[in-house]
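Each remark here refers to the structure printed beneath this line.
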Amino acid sequence: MTYSSAEATGDLEKLQKAYQQVTAAFGSVDSIIEAFGLANMPSAQRYGILFGFLVFITTVSAVLALLVLGGSFKRIAEQAVTGKPTLLTSTEVRKERPLLLETLLEGRERLQKNYAPPTLTDQPTNLTQMLLNVAPDPVEDVDGDEDSAQKQGEEKKSHKERYVPPYYEENYSSAYRKCQDQPGGTCLVTTRIDFVDLFQLKESLVLSSFLVFHESILPASVFLKGKVLSGRPEARFEAYARGFAGCGPYTSLDYRRSYARLYESICCATHQSDDKYTELFDQRPADIIGRFVRLEAMSVNRHLNELFHLTDGSPRLDKKAYDPLEVWGFQPEGPFRSPNDMHKSFVFQRKFNEAGFAMVHSVTERITGVILLTNDAPEHLSIQMEPPIMAPNSQGTQQQMEACFLLLDRLFAYGYRRIQMAVDSQDPDGNKLANRLGFTFEGVLLRHMVLKDASRDSSVYGLLNSDWKKGARAVLFGKLYGEAALKIDQGNEQREAEKDEQSKKLAEMNEKGTGVESEKQA
C-alpha cells in the first residue's frame, strides 16, 4: 500500500493513514512485536522497552506541542520572511502588560479620597541637604554702609570669602595637620580609564584634550604616587582637608578618611584638575565628588531642560534616536511631552522623606541622569534607592555604578542599617544593576504596585551595613577604581586608623597626667 500526503489534509488524518499503513504491513500488534524481535523476550524486558518507547513518543509530542502553542514555529517563519528577530524586548513586554479592570481603578480612586494628598516640593529636602557635603556658605551681600559690611566680615570667619561652620573648621584643621605629616599627601593615586570610556565620550570632547586632563592614560590601571604639585606645595593638604571636613561631623571616621583620599587623588592629579576642582569648590562646595561623576542636588533651573532632552528619545550629538519608553517604561510616569510636564512629575517633586540627585559627568560637565532615594525611615534606619534614570546607552556604565556607590557609602556612614531596591520584575536593567551593586535578592512581591493603571510585581533586593563592611564595599570599590587602588586605600586606612588610635591614647594619657598634677598641687 502506497501512501501519499496529498490524500490527507489534516494532521489527525495523516496519523490515521500512517497507522493503517503500518498495520497493513505487519497485520497486527503481535506481528509488530514479532517483527522487532520482542516476541521471545521475557515479559519484563518487553514491557520495559515498550514503556520506554511510549515515554519517548510522549516527550517528543509534548515538545512539539509546546513549540507550536508557544509560537516558536510562527516566529521562525516570521524571521525567515523579515530577517529580524521577533522576540519581544522588555519595553514591548511592558507595553503589552494588561491594564487593571475599571472597577479596581474606580475603587483605587475612591480609597485615595480618604487621605489628603502628600506635600511635595521641588526644593532640596532635609534628606538631600543631610547627604550633601557640609559646605561653607557664601557671604551674603550687605545693604548699608561700609562699616556694617566690615563688621559682619570680621564676625564671620572666612575660607576663600565664605562663612565656615565651626565644626567644619575643626575637622578641616585636624585633617590639614594630618596631611602635612605625610609629604605629598595622604594617598597613592590610581587612575583607571578604559578605552571604552574614550569612545563613550567622543561625542563631547576632543581626545587630545582628554589626554591632557588625565596625564597618564593606559588601557589598564596606572598607579601614581601622591606627589606635591610643582608650585603648589599645599594643594594636596587643602584637597584632603576639604574632602574630610565636607563629610560632616556625623559620618563614620573611616568613611571620612576614605572619601578625603579619593577627593585628594581626583583634585591633585594635575595642575588642570587642581584648578578645576578648586573653582568648583568655590562655586558648588556641597557637591559629592567622584572620579567619573559628581552628584548635585536636583534643581529645576539647572537640570530640567537638559534632563528632558536627554531622555525624550530624540537624537543627541552622534547618538541615534530611541524609544523613550526604554527610559520611562518601568517608571511611575513618563515619557513627558514637555519640560513642564516633567517638572510636575515625581522626578522633581519630592516628598519629605525623599531625595534627588543629578549625575554630572566629570569631564563633559553634562548631566547623565538622576538618582532618587525614597521611603526614608530613620526610625528603622532603612531607606530605598531607586535605579538611576539614564539614557539607554548609559546603563551599566561606570558613571551609573559610581553614583550608586557614592550614595551607598555615605548612607551607611550616616548609620543606616538597610538599603533596599524594589525593581519591576520585568525590568532587566534594574535587576542587573542590583546584582552588580552587591544587593541580595530577597523575593518577589506579587501585585506590589499599580503604575500607569497596570499591576506591577516587584523584585526586592536588600543590602545590609554588615554586608557592606564585610566585603560588598571593597568589591564595588575594586570594580570602579581597580584592585590595586583598593589595596592602597585599605593600607592607608589601616595606617591612619592606627595613628588616630595612638593619638587618642596619648591624649588620654596627657589628660590623666594633667589631672594627677592638679591633685598634687591642690
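By convention here, the chains of the C-alpha cells are called A, B, ... in the order presented, each chain's residues are numbered starting at 1, and ligands are numbered starting at 1 in the order presented.
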
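The residue set within 12 Å of Asn305 (chain A), counting only C-alpha atoms and dropping same-chain residues fewer than 2 places from it, reads A:Ser299, A:Val300, A:Asn301, A:Arg302, A:His303, A:Leu307, A:Phe308, A:His309, A:Leu310, A:Thr311, A:Asp312, A:Phe336, A:Ser338, A:Pro339, A:Asn340, A:Asp341, A:Met342, A:His343, A:Phe348, A:Arg366, A:Ile367.
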
Residue neighbourhood region 395-408 of chain A, 9 Å, only C-alpha atoms, exclusion window fewer than 4 positions, as an NGL selection string
:A and (131 or 197 or 288-295 or 359-361 or 368-369 or 371 or 385 or 387-388 or 390-391 or 412-413 or 419 or 429 or 432-433 or 436-437 or 468 or 473 or 476-477 or 479-480)

Would you put the residues from that selection into a file with N, CA, C and O atoms, as a CSV table (one decimal), in the first residue's frame?
chain,number,residue,atom,x,y,z
A,131,LEU,N,22.7,64.7,53.1
A,131,LEU,CA,23.7,63.8,52.4
A,131,LEU,C,24.7,64.6,51.6
A,131,LEU,O,25.7,64.1,51.2
A,197,ASP,N,35.6,54.0,27.7
A,197,ASP,CA,35.2,55.3,28.2
A,197,ASP,C,35.5,56.4,27.1
A,197,ASP,O,34.8,57.3,27.0
A,288,ILE,N,28.8,66.2,45.9
A,288,ILE,CA,29.6,64.9,46.2
A,288,ILE,C,30.4,64.6,45.0
A,288,ILE,O,29.9,64.3,43.9
A,289,ILE,N,31.7,64.5,45.2
A,289,ILE,CA,32.7,64.3,44.1
A,289,ILE,C,33.1,62.9,44.0
A,289,ILE,O,33.5,62.2,44.9
A,290,GLY,N,33.0,62.4,42.7
A,290,GLY,CA,33.6,61.1,42.4
A,290,GLY,C,34.5,61.2,41.2
A,290,GLY,O,34.7,62.3,40.6
A,291,ARG,N,35.2,60.1,40.8
A,291,ARG,CA,36.1,60.2,39.7
A,291,ARG,C,35.4,60.3,38.4
A,291,ARG,O,35.9,61.0,37.5
A,292,PHE,N,34.3,59.7,38.2
A,292,PHE,CA,33.6,59.7,36.9
A,292,PHE,C,32.4,60.6,36.9
A,292,PHE,O,32.0,61.2,35.9
A,293,VAL,N,31.7,60.8,38.1
A,293,VAL,CA,30.6,61.7,38.1
A,293,VAL,C,30.6,62.5,39.5
A,293,VAL,O,31.4,62.1,40.4
A,294,ARG,N,29.8,63.5,39.5
A,294,ARG,CA,29.6,64.2,40.8
A,294,ARG,C,28.1,64.3,41.0
A,294,ARG,O,27.3,64.4,40.0
A,295,LEU,N,27.6,64.3,42.2
A,295,LEU,CA,26.2,64.4,42.5
A,295,LEU,C,25.8,65.8,43.0
A,295,LEU,O,26.4,66.3,43.9
A,359,MET,N,23.2,63.5,38.2
A,359,MET,CA,24.5,62.9,38.0
A,359,MET,C,25.2,63.7,36.9
A,359,MET,O,24.7,63.7,35.7
A,360,VAL,N,26.3,64.3,37.2
A,360,VAL,CA,27.0,65.2,36.2
A,360,VAL,C,28.3,64.5,35.9
A,360,VAL,O,29.1,64.2,36.8
A,361,HIS,N,28.6,64.4,34.6
A,361,HIS,CA,29.8,63.7,34.1
A,361,HIS,C,31.0,64.6,34.5
A,361,HIS,O,31.0,65.8,34.3
A,368,THR,N,24.1,63.2,33.1
A,368,THR,CA,24.0,61.8,32.6
A,368,THR,C,22.7,61.1,33.1
A,368,THR,O,22.4,60.0,32.6
A,369,GLY,N,22.1,61.7,34.1
A,369,GLY,CA,20.9,61.0,34.7
A,369,GLY,C,20.6,61.6,36.1
A,369,GLY,O,21.2,62.5,36.5
A,371,ILE,N,19.4,60.2,40.2
A,371,ILE,CA,19.2,59.0,41.1
A,371,ILE,C,18.4,59.5,42.3
A,371,ILE,O,18.6,60.6,42.8
A,385,MET,N,16.7,52.9,47.6
A,385,MET,CA,17.3,53.5,46.5
A,385,MET,C,16.7,53.0,45.2
A,385,MET,O,16.4,51.8,45.0
A,387,PRO,N,16.6,52.7,41.0
A,387,PRO,CA,17.6,52.6,39.9
A,387,PRO,C,17.7,54.0,39.2
A,387,PRO,O,16.7,54.6,39.0
A,388,PRO,N,18.9,54.4,38.9
A,388,PRO,CA,19.1,55.7,38.2
A,388,PRO,C,18.3,55.8,36.9
A,388,PRO,O,18.2,54.8,36.2
A,390,MET,N,18.4,57.0,33.4
A,390,MET,CA,19.5,57.4,32.4
A,390,MET,C,19.1,57.0,31.0
A,390,MET,O,18.2,56.2,30.8
A,391,ALA,N,19.8,57.6,30.1
A,391,ALA,CA,19.6,57.1,28.7
A,391,ALA,C,20.0,55.7,28.5
A,391,ALA,O,20.9,55.2,29.3
A,412,PHE,N,25.5,54.5,54.5
A,412,PHE,CA,26.0,53.6,55.6
A,412,PHE,C,26.8,54.4,56.6
A,412,PHE,O,26.9,54.0,57.8
A,413,ALA,N,27.6,55.3,56.1
A,413,ALA,CA,28.4,56.1,57.0
A,413,ALA,C,27.6,57.0,58.0
A,413,ALA,O,28.0,57.2,59.1
A,419,ILE,N,19.6,49.2,53.1
A,419,ILE,CA,19.2,49.9,51.9
A,419,ILE,C,18.5,48.9,51.0
A,419,ILE,O,19.0,47.9,50.7
A,429,ASP,N,17.3,45.8,33.2
A,429,ASP,CA,18.4,46.7,33.6
A,429,ASP,C,18.4,46.9,35.1
A,429,ASP,O,19.5,46.9,35.7
A,432,LYS,N,19.7,43.7,36.9
A,432,LYS,CA,21.1,43.6,36.7
A,432,LYS,C,21.9,44.5,37.6
A,432,LYS,O,22.9,44.2,38.2
A,433,LEU,N,21.4,45.8,37.7
A,433,LEU,CA,22.1,46.8,38.5
A,433,LEU,C,22.2,46.4,40.0
A,433,LEU,O,23.2,46.5,40.6
A,436,ARG,N,24.8,43.8,40.4
A,436,ARG,CA,26.2,44.4,40.3
A,436,ARG,C,26.6,45.1,41.5
A,436,ARG,O,27.8,45.2,41.9
A,437,LEU,N,25.6,45.8,42.2
A,437,LEU,CA,25.9,46.6,43.3
A,437,LEU,C,26.1,45.7,44.6
A,437,LEU,O,26.5,46.3,45.6
A,468,TRP,N,28.0,45.4,53.8
A,468,TRP,CA,28.8,46.5,53.2
A,468,TRP,C,30.2,46.5,53.8
A,468,TRP,O,31.2,46.6,53.1
A,473,ARG,N,31.5,46.6,50.0
A,473,ARG,CA,32.1,47.9,49.6
A,473,ARG,C,33.4,47.7,48.9
A,473,ARG,O,33.7,48.4,47.9
A,476,LEU,N,32.9,46.6,45.2
A,476,LEU,CA,32.4,47.6,44.4
A,476,LEU,C,33.5,48.7,44.2
A,476,LEU,O,33.7,49.2,43.1
A,477,PHE,N,34.3,49.0,45.2
A,477,PHE,CA,35.4,49.9,45.1
A,477,PHE,C,36.4,49.4,44.1
A,477,PHE,O,37.0,50.1,43.3
A,479,LYS,N,35.9,47.3,41.6
A,479,LYS,CA,35.3,47.4,40.2
A,479,LYS,C,35.4,48.8,39.6
A,479,LYS,O,35.7,48.9,38.4
A,480,LEU,N,35.3,49.8,40.5
A,480,LEU,CA,35.3,51.1,40.0
A,480,LEU,C,36.7,51.7,39.8
A,480,LEU,O,37.0,52.3,38.7

Judged by only C-alpha atoms, the minimum distance to Arg256 (chain A) among A:Asn133, A:Ser230, A:Asn353, A:Thr121 is found for A:Asn133

Looking only at the backbone, which of the residues in region 377-420 of chain A does DSSP tag as strand (DSSP E or B), as a PyMOL selection string?
chain A and resi 377+382-385+389-390+418-420

Residues at most 10 Å from Glu234 (chain A), counting only C-alpha atoms, excluding those fewer than 2 positions away in the same chain, as a ChimeraX atom specification?
/A:176,179-180,184-185,228-229,231-232,236-239

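For the atom pair formed by CA of Asp453 (chain A) and CA of Asp424 (chain A), the distance is 14.6 Å, given to one decimal.
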
Within 10 Å of Thr278 (chain A), counting only C-alpha atoms, which residues show up once you throw out same-chain ones fewer than 2 positions away? Write them as a ChimeraX atom specification, please.
/A:235,238-239,242,267-268,272-276,280-285

What parts of region 266-347 of chain A does DSSP call helix (DSSP H, G or I)? I'd like the answer as a ChimeraX atom specification.
/A:266-267,271-283,300-311,325-328,339-343
